[in-house]
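What follows is a set of notes on a single structure, which appears directly below.
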Amino acid sequence: MTTMFNNKSLPPPDGAPAKERVRFRDLSAGYPGRPVLRQLSADITALSMTALVGPNGSGKSTLLGVLAGVITATSGRLQYGRGTPPAFVPQRGAVGDTLPLTARQTVEMGRWGERGPWRRLTRRDRAVVDSAMERLGVADLGALQLGELSGGQRQRVLIAQGLAQRSDLLLLDEPTTGLDPGARRRITALLTGLVADGTTVVQATHDLEAARSADACLLLGDGRLVGQGPPAQVLTPEALSRIWQPA
Ligand SMILES: Nc1ncnc2c1ncn2[C@@H]1O[C@H](COP(=O)(O)OP(=O)(O)OP(=O)(O)O)[C@@H](O)[C@H]1O
């Protein structure tokens, strides 16, 4: 079902490297007895920021889960371009605030994929963790418990955990939800910086300001893809009011 593609299977027109980092066709997915995504087809361009936009329950988290490999599609085709397995940053609410973990331990968990859970980290692992925490501006919060952090700080710690996975494909579920405008802009700027440095970023978001600053939007309505392309073309007042209209 999930396959890797390479430049051979997706031949670029002029010999340039394939620009799709993820491609899916007729992708359907859901939960036992609850179909959610219905036959979605789109390409996620490499080295770009893609925003998944849509009302509550439209299927954004489910699509991210499928792209992250934690939810198996029921039908369709999902292909990944050349690169590392994706790093997935779940919704902040899905990570218990009361877990007895420090900020640093939380970021260190980003190394578990390579090292194994609770294994001793190597010097390189520690350097990766240091650099992720510095990049997200949480280096001086390392000793604090997750529950002692503000929402924005906790969110930046979770993104640092994603960064510590050293993937070139970062999937984030609502990284700015519940934050004040300053914290939202800070995270959006950080994510834009990551794209500039060679990461493909996909974020589910309710933050229309963040979505408008993305390179591309996938607009979901009731599990269907109802728009895709540049934000100015997709996030029109007509499309937004149609999608957010109560049934
Ligand atoms: N684990 C689950 N088991 C069964 N149904 C689920 C599960 N998780 C989500 N759903 C349902 O799937 C549908 C899509 O949910 P999903 O979380 O993907 O939407 P979303 O667009 O991310 O919503 P939100 O903006 O509220 O996070 C919803 O109807 C939801 O109730």
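Labels for the structure tokens follow display order: chains A, B, ..., residues from 1 in each chain, ligands from 1.
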Closest contacts (chain A/ligand 1, max 9 Å, only C-alpha atoms and all ligand atoms) as a tab-separated table:
```
residue	atom	partner	partner_atom_place_in_ligand_line	distance
A:Gly30	CA	ligand 1	12 (O)	6.6
A:Tyr31	CA	ligand 1	4 (C)	5.0
A:Pro32	CA	ligand 1	4 (C)	6.8
A:Gly33	CA	ligand 1	4 (C)	7.8
A:Arg34	CA	ligand 1	5 (N)	5.9
A:Pro35	CA	ligand 1	12 (O)	7.6
A:Val36	CA	ligand 1	12 (O)	5.5
A:Leu37	CA	ligand 1	14 (C)	8.0
A:Leu52	CA	ligand 1	21 (O)	8.6
A:Val53	CA	ligand 1	21 (O)	7.7
A:Gly54	CA	ligand 1	21 (O)	6.0
A:Pro55	CA	ligand 1	25 (O)	5.7
A:Asn56	CA	ligand 1	26 (O)	3.5
A:Gly57	CA	ligand 1	19 (O)	3.4
A:Ser58	CA	ligand 1	21 (O)	3.9
A:Gly59	CA	ligand 1	18 (O)	3.2
A:Lys60	CA	ligand 1	21 (O)	3.8
A:Ser61	CA	ligand 1	22 (O)	3.6
A:Thr62	CA	ligand 1	18 (O)	3.7
A:Leu63	CA	ligand 1	18 (O)	6.5
A:Leu64	CA	ligand 1	18 (O)	8.0
A:Gly65	CA	ligand 1	18 (O)	8.2
A:Gln91	CA	ligand 1	27 (O)	8.2
A:Asp173	CA	ligand 1	22 (O)	7.8
A:Glu174	CA	ligand 1	27 (O)	7.7
A:Ala204	CA	ligand 1	22 (O)	7.3
A:Thr205	CA	ligand 1	25 (O)	7.5
A:His206	CA	ligand 1	25 (O)	7.0
A:Leu220	CA	ligand 1	21 (O)	7.6
A:Gly221	CA	ligand 1	21 (O)	8.4
A:Asp222	CA	ligand 1	14 (C)	7.9
A:Gly223	CA	ligand 1	14 (C)	7.2
```
Quick one: contact table of range 95-190 of chain A to range 199-203 of chain A, 8 Å max, nearest atom pair and distance in Å to one decimal per residue, counting only C-alpha atoms, chain and number order, as a Markdown table?
```
| residue | atom | partner | partner_atom | distance |
| --- | --- | --- | --- | --- |
| A:Ser167 | CA | A:Thr199 | CA | 7.6 |
| A:Asp168 | CA | A:Thr199 | CA | 4.5 |
| A:Leu169 | CA | A:Thr200 | CA | 4.8 |
| A:Leu170 | CA | A:Val201 | CA | 4.9 |
| A:Leu171 | CA | A:Val202 | CA | 4.9 |
| A:Leu172 | CA | A:Gln203 | CA | 4.6 |
| A:Asp173 | CA | A:Gln203 | CA | 5.8 |
| A:Glu174 | CA | A:Gln203 | CA | 6.5 |
| A:Pro175 | CA | A:Gln203 | CA | 7.3 |
```
Contacts of Arg212 in chain A within 10 Å, only C-alpha atoms, excl. fewer than 4 positions in-chain, as a short mmCIF file (atom, residue, chain, number, x, y, z; two decimals) with N, CA and C atoms, in the first residue's frame:
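Result file follows (out_11.cif):
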```cif
data_model
loop_
_atom_site.label_atom_id
_atom_site.label_comp_id
_atom_site.auth_asym_id
_atom_site.auth_seq_id
_atom_site.Cartn_x
_atom_site.Cartn_y
_atom_site.Cartn_z
N ALA A 51 -0.39 23.73 4.07
CA ALA A 51 -1.34 23.83 5.19
C ALA A 51 -2.57 22.98 4.89
N ASP A 207 -5.46 28.19 11.86
CA ASP A 207 -4.93 29.55 11.87
C ASP A 207 -4.84 30.04 10.42
N LEU A 208 -5.82 30.82 10.01
CA LEU A 208 -5.87 31.22 8.60
C LEU A 208 -4.70 32.10 8.22
N ALA A 216 1.23 26.20 -0.18
CA ALA A 216 0.08 25.52 -0.77
C ALA A 216 -0.90 25.15 0.33
N CYS A 217 -2.16 25.03 -0.05
CA CYS A 217 -3.20 24.63 0.90
C CYS A 217 -3.95 23.44 0.36
N PRO A 230 -2.36 27.31 -4.40
CA PRO A 230 -1.85 28.45 -3.63
C PRO A 230 -2.95 29.00 -2.73
N PRO A 231 -2.60 29.45 -1.51
CA PRO A 231 -3.61 29.92 -0.55
C PRO A 231 -4.56 30.96 -1.14
N ALA A 232 -4.03 31.90 -1.94
CA ALA A 232 -4.90 32.96 -2.46
C ALA A 232 -5.99 32.40 -3.36
N VAL A 234 -7.17 29.17 -3.00
CA VAL A 234 -7.97 28.17 -2.28
C VAL A 234 -8.80 28.81 -1.17
N LEU A 235 -8.19 29.74 -0.43
CA LEU A 235 -8.85 30.29 0.76
C LEU A 235 -9.65 31.54 0.40
#
```
**Message:** Can you tell me, as a ChimeraX atom specification, which residues in range 2-246 of chain A count as strand (DSSP E or B) by DSSP?
**Reply:** /A:2-4,20-31,34-45,49-53,75-80,87-89,102,145,169-173,200-204,216-221,224-229
**Asked** Got a sec to tell me which of range 115-202 of chain A DSSP assigns to helix (DSSP H, G or I), as number ranges by chain?
**Response** A: 115, 123-135, 139-141, 146-148, 151-164, 181-196
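Comparing A:Ala29, A:Gly142, A:Arg166, A:Thr102 by their smallest distance to Gly83 in chain A, the closest is A:Arg166 (using only C-alpha atoms).
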**Message:** Applying 12 Å and only C-alpha atoms, which residues near range 150-157 of chain A remain after dropping the ones on its own chain fewer than 6 positions away? List them as a ChimeraX atom specification.
**Reply:** /A:89-98,101-110,129-130,132-144,163-164,172-188,190-191
**Near-Leu121 in chain A list (9 Å; only C-alpha atoms; drop same-chain fewer than 3 positions) as number ranges by chain** = A: 108, 111-112, 115, 118, 124-126
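Of the residues listed (A:Ala211, A:Leu225, A:Ser131, A:Thr84), A:Leu225 shows the shortest atom-to-atom separation from Leu27 in chain A; distances use only C-alpha atoms.
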